[in-house]
>>> print(open('work05.txt').read())   # compact mmCIF, C-alpha atoms and all ligand atoms
# COMPACT_ATOMS: atom_id res chain seq x y z
CA MET A 1 128.95 72.89 79.74
CA SER A 2 130.16 73.80 76.28
CA LYS A 3 130.63 77.44 75.45
CA ILE A 4 127.73 77.45 72.94
CA LYS A 5 125.38 75.82 75.42
CA LYS A 6 126.46 78.31 78.03
CA ASN A 7 125.79 81.22 75.70
CA ILE A 8 122.37 79.83 74.81
CA SER A 9 121.44 79.45 78.46
CA CYS A 10 122.64 82.98 79.11
CA LEU A 11 120.48 84.18 76.25
CA ILE A 12 117.45 82.28 77.56
CA LEU A 13 118.03 83.67 81.04
CA PHE A 14 118.27 87.15 79.55
CA PHE A 15 114.91 86.75 77.81
CA ILE A 16 113.30 85.40 80.96
CA ILE A 17 114.57 88.40 82.94
CA VAL A 18 113.41 90.83 80.24
CA SER A 19 109.95 89.27 80.05
CA ILE A 20 109.55 89.16 83.84
CA SER A 21 110.53 92.79 84.19
CA SER A 22 108.29 93.97 81.37
CA CYS A 23 105.39 92.03 82.93
CA ALA A 24 105.99 93.51 86.33
CA PHE A 25 106.46 97.07 85.24
CA ALA A 26 104.49 97.51 82.02
CA MET A 27 101.35 98.65 83.82
CA THR A 28 103.05 100.38 86.72
CA PRO A 29 101.95 103.99 86.81
CA THR A 30 104.40 106.62 87.90
CA TYR A 31 102.04 108.58 90.08
CA THR A 32 102.84 106.97 93.42
CA HIS A 33 104.60 108.49 96.34
CA ALA A 34 107.62 106.49 97.32
CA ILE A 35 106.26 105.92 100.82
CA ARG A 36 103.88 103.28 102.16
CA TYR A 37 102.68 101.41 105.23
CA SER A 38 105.71 100.27 107.21
CA ARG A 39 103.79 97.17 108.30
CA GLY A 40 102.69 96.24 104.77
CA VAL A 41 99.08 95.59 103.74
CA GLY A 42 98.72 91.85 104.35
CA ASN A 43 96.56 92.45 107.40
CA THR A 44 95.27 96.00 107.17
CA CYS A 45 93.07 96.48 110.23
CA TYR A 46 90.58 99.31 109.92
CA TYR A 47 88.68 101.00 112.69
CA VAL A 48 85.40 102.86 112.14
CA ASP A 49 84.86 105.48 114.83
CA SER A 50 81.29 106.03 116.06
CA SER A 51 81.38 109.44 114.32
CA ALA A 52 81.63 107.55 111.00
CA SER A 53 79.13 104.78 111.74
CA PHE A 54 76.76 106.39 109.20
CA PHE A 55 79.28 105.29 106.54
CA THR A 56 79.94 101.75 107.81
CA SER A 57 78.43 99.93 104.83
CA SER A 58 80.28 102.18 102.35
CA ILE A 59 83.51 101.60 104.29
CA ASN A 60 83.05 97.83 104.29
CA SER A 61 82.27 97.84 100.54
CA ALA A 62 85.36 99.95 99.85
CA ALA A 63 87.56 97.61 101.91
CA ASN A 64 86.10 94.64 100.09
CA ASN A 65 86.87 96.30 96.74
CA TRP A 66 90.56 96.74 97.63
CA VAL A 67 90.79 93.07 98.67
CA HIS A 68 88.80 91.76 95.71
CA THR A 69 89.54 94.02 92.76
CA ASP A 70 88.32 92.99 89.31
CA TYR A 71 91.93 93.11 88.12
CA GLY A 72 93.80 90.23 89.69
CA ALA A 73 95.61 89.71 92.95
CA ASN A 74 97.29 92.16 95.26
CA PRO A 75 98.70 91.68 98.78
CA ILE A 76 95.89 93.60 100.53
CA TYR A 77 93.77 91.94 103.16
CA MET A 78 91.50 94.04 105.36
CA THR A 79 89.88 93.31 108.71
CA ALA A 80 87.50 95.56 110.66
CA VAL A 81 88.61 96.00 114.28
CA SER A 82 86.87 97.59 117.25
CA SER A 83 89.71 99.72 118.62
CA THR A 84 92.45 101.96 117.29
CA LYS A 85 95.06 99.98 119.21
CA ALA A 86 96.21 97.68 116.43
CA SER A 87 94.51 99.55 113.64
CA HIS A 88 96.33 100.62 110.46
CA MET A 89 93.48 102.81 109.24
CA ASP A 90 91.27 104.89 111.54
CA ILE A 91 88.13 106.35 110.01
CA TYR A 92 86.29 109.35 111.47
CA ALA A 93 83.63 111.72 110.18
CA GLY A 94 82.64 115.26 111.00
CA TYR A 95 81.14 118.46 109.64
CA LEU A 96 84.38 119.93 108.32
CA LEU A 97 85.07 123.63 108.13
CA ASP A 98 87.49 126.07 106.55
CA LYS A 99 89.90 124.55 104.05
CA TYR A 100 88.21 121.15 104.31
CA ASN A 101 84.68 122.46 103.84
CA ASN A 102 84.68 121.81 100.08
CA THR A 103 86.35 118.43 100.23
CA ASN A 104 84.61 115.09 100.59
CA ALA A 105 87.32 113.68 102.82
CA TYR A 106 91.02 113.77 103.60
CA THR A 107 93.70 111.36 104.73
CA THR A 108 96.69 111.88 107.00
CA ILE A 109 99.59 109.55 107.88
CA TRP A 110 101.31 108.98 111.23
CA THR A 111 104.22 107.31 112.99
CA SER A 112 103.71 104.71 115.75
CA SER A 113 104.14 107.53 118.29
CA ALA A 114 101.39 109.64 116.63
CA THR A 115 103.66 112.16 114.92
CA GLN A 116 102.22 113.28 111.61
CA LEU A 117 104.14 112.44 108.44
CA TYR A 118 103.56 113.79 104.93
CA PHE A 119 103.22 112.09 101.57
CA ASN A 120 105.95 114.27 100.10
CA GLY A 121 108.34 113.04 102.79
CA THR A 122 110.57 109.99 102.75
CA SER A 123 109.47 108.05 105.85
CA ASN A 124 107.06 105.15 105.70
CA TYR A 125 104.12 105.46 108.05
CA TYR A 126 102.62 103.25 110.76
CA TYR A 127 98.97 104.14 110.43
CA ALA A 128 96.65 106.45 108.49
CA GLU A 129 93.56 108.43 109.38
CA ILE A 130 90.63 109.18 107.09
CA VAL A 131 88.19 111.97 107.94
CA LEU A 132 84.93 112.01 105.99
CA ASN A 133 83.08 115.27 105.55
CA ARG A 134 79.42 114.97 106.50
CA ASN A 135 78.69 118.34 104.88
CA ASN A 136 79.41 116.84 101.45
CA MET A 137 78.93 113.12 101.89
CA THR A 138 75.26 112.30 101.98
CA ALA A 139 73.51 109.00 101.47
CA ASN A 140 74.36 108.16 97.90
CA THR A 141 76.50 105.74 95.99
CA GLU A 142 79.36 108.24 95.70
CA ASN A 143 80.19 107.59 99.33
CA THR A 144 81.67 104.18 98.59
CA SER A 145 83.81 105.64 95.78
CA THR A 146 84.99 108.42 98.08
CA VAL A 147 86.02 105.97 100.79
CA THR A 148 87.69 103.69 98.22
CA HIS A 149 89.66 106.72 96.97
CA GLU A 150 90.75 107.70 100.51
CA MET A 151 91.77 104.12 101.28
CA GLY A 152 93.96 104.37 98.17
CA HIS A 153 95.72 107.32 99.84
CA CYS A 154 96.18 105.21 102.98
CA PHE A 155 97.92 102.57 100.85
CA GLY A 156 100.23 105.27 99.45
CA LEU A 157 98.52 106.13 96.15
CA ASP A 158 98.46 109.75 95.08
CA ASP A 159 95.71 111.80 93.46
CA TRP A 160 95.77 111.40 89.71
CA THR A 161 94.04 113.30 86.92
CA TYR A 162 93.55 110.11 84.85
CA ALA A 163 89.74 109.74 84.78
CA TYR A 164 89.87 105.93 84.73
CA SER A 165 91.60 105.55 88.09
CA ILE A 166 89.85 105.49 91.46
CA MET A 167 92.60 107.97 92.45
CA CYS A 168 91.20 110.57 90.07
CA SER A 169 89.34 113.17 92.09
CA PRO A 170 85.69 114.03 91.35
CA LYS A 171 86.94 117.54 90.49
CA SER A 172 88.97 115.98 87.67
CA GLU A 173 85.80 114.18 86.59
CA ARG A 174 86.54 110.65 87.66
CA LYS A 175 84.70 108.21 85.39
CA VAL A 176 84.99 105.11 87.58
CA THR A 177 83.59 104.08 90.95
CA ARG A 178 85.83 101.11 91.79
CA VAL A 179 89.50 100.12 91.98
CA GLN A 180 90.93 99.88 88.44
CA GLN A 181 93.79 97.92 86.86
CA CYS A 182 96.21 100.84 87.26
CA ASP A 183 95.32 101.19 90.95
CA ASN A 184 95.76 97.49 91.60
CA ASP A 185 99.09 97.56 89.73
CA THR A 186 100.28 100.46 91.86
CA VAL A 187 99.56 98.51 95.04
CA ASN A 188 101.54 95.59 93.63
CA TYR A 189 104.35 97.97 92.77
CA LEU A 190 104.44 99.51 96.27
CA TYR A 191 104.15 96.25 98.23
ZN ZN B 201 92.53 112.29 96.88
>>> encode(input="work05.txt", output="structure tokens")
Amino acid sequence: MSKIKKNISCLILFFIIVSISSCAFAMTPTYTHAIRYSRGVGNTCYYVDSSASFFTSSINSAANNWVHTDYGANPIYMTAVSSTKASHMDIYAGYLLDKYNNTNAYTTIWTSSATQLYFNGTSNYYYAEIVLNRNNMTANTENTSTVTHEMGHCFGLDDWTYAYSIMCSPKSERKVTRVQQCDNDTVNYLY
């Protein structure tokens, strides 16, 4: 190859790399934790405990929203399972007290040997648990948004004050009820 040709191909390669990286990262928000599911999200099995059966349809709608966002592909696939054995996401509900009394729900993360991990830590986690608060979650359409938000935590997304993200909390006046572009992009960034 002549030197000029070589330089031109280098230049072309450079532009390809630049355009690929700006595509991949242009929409990537910076609000994620660095940790995620150690097993990935390609077959996220979720288990609905009998305590949360009241919320089953909201849970299934939320799972469906993460698989089929309105904003293009992501690697998430979700399957409902009937035991916690192989589950990545266990969902319970209860009448929560004390510090959880005013929340709609909360999510915790765990190792394969059931040791709790924390989102501000550095270890990826094996499974996550969502607990829905029956004091605050009644039969209304907000339930699906709440579960979708908590599932976002399971995937590794953090709370965000941006009103047009499903990861915005109702206290920060979330304006959306479904997974948004920025949320979908964050999943693609993490996995
Ligand atoms: Zn949250």
>>> residues_around(input="work05.txt", residues="region 125-142 of chain A", least_positions_apart="5", cutoff="10 Å", atoms="only C-alpha atoms", output="count of residues only")
59
>>> closest_atom_pairs(input="work05.txt", of="chain A", to="ligand ZN 201 (chain B)", cutoff="7 Å", atoms="all atoms listed in the file", output="tab-separated table")
residue	atom	partner	partner_atom	distance
A:His149	CA	B:ZN201	ZN	6.3
A:Glu150	CA	B:ZN201	ZN	6.1
A:His153	CA	B:ZN201	ZN	6.6
A:Asp158	CA	B:ZN201	ZN	6.7
A:Asp159	CA	B:ZN201	ZN	4.7
A:Met167	CA	B:ZN201	ZN	6.2
A:Ser169	CA	B:ZN201	ZN	5.8
>>> atom_distance(input="work05.txt", atom1="CA of Ile76 (chain A)", atom2="CA of Tyr191 (chain A)")
9.0 Å
>>> closest_residue(input="work05.txt", among="A:Ser53, A:Asn143, A:Thr186, A:Ala63", to="Tyr77 (chain A)", atoms="only C-alpha atoms")
A:Ala63
>>> closest_residue(input="work05.txt", among="A:Ser57, A:Gln181, A:Asn124, A:Asn43", to="Pro75 (chain A)", atoms="only C-alpha atoms")
A:Asn43
>>> closest_residue(input="work05.txt", among="A:Val81, A:Val187, A:Ala34, A:Cys182", to="Asn120 (chain A)", atoms="all atoms listed in the file")
A:Ala34
>>> closest_residue(input="work05.txt", among="A:Leu190, A:Ala62, A:His68, A:Val176", to="Leu157 (chain A)", atoms="all atoms listed in the file")
A:Leu190
>>> atom_distance(input="work05.txt", atom1="CA of Lys175 (chain A)", atom2="CA of Ser61 (chain A)")
18.5 Å
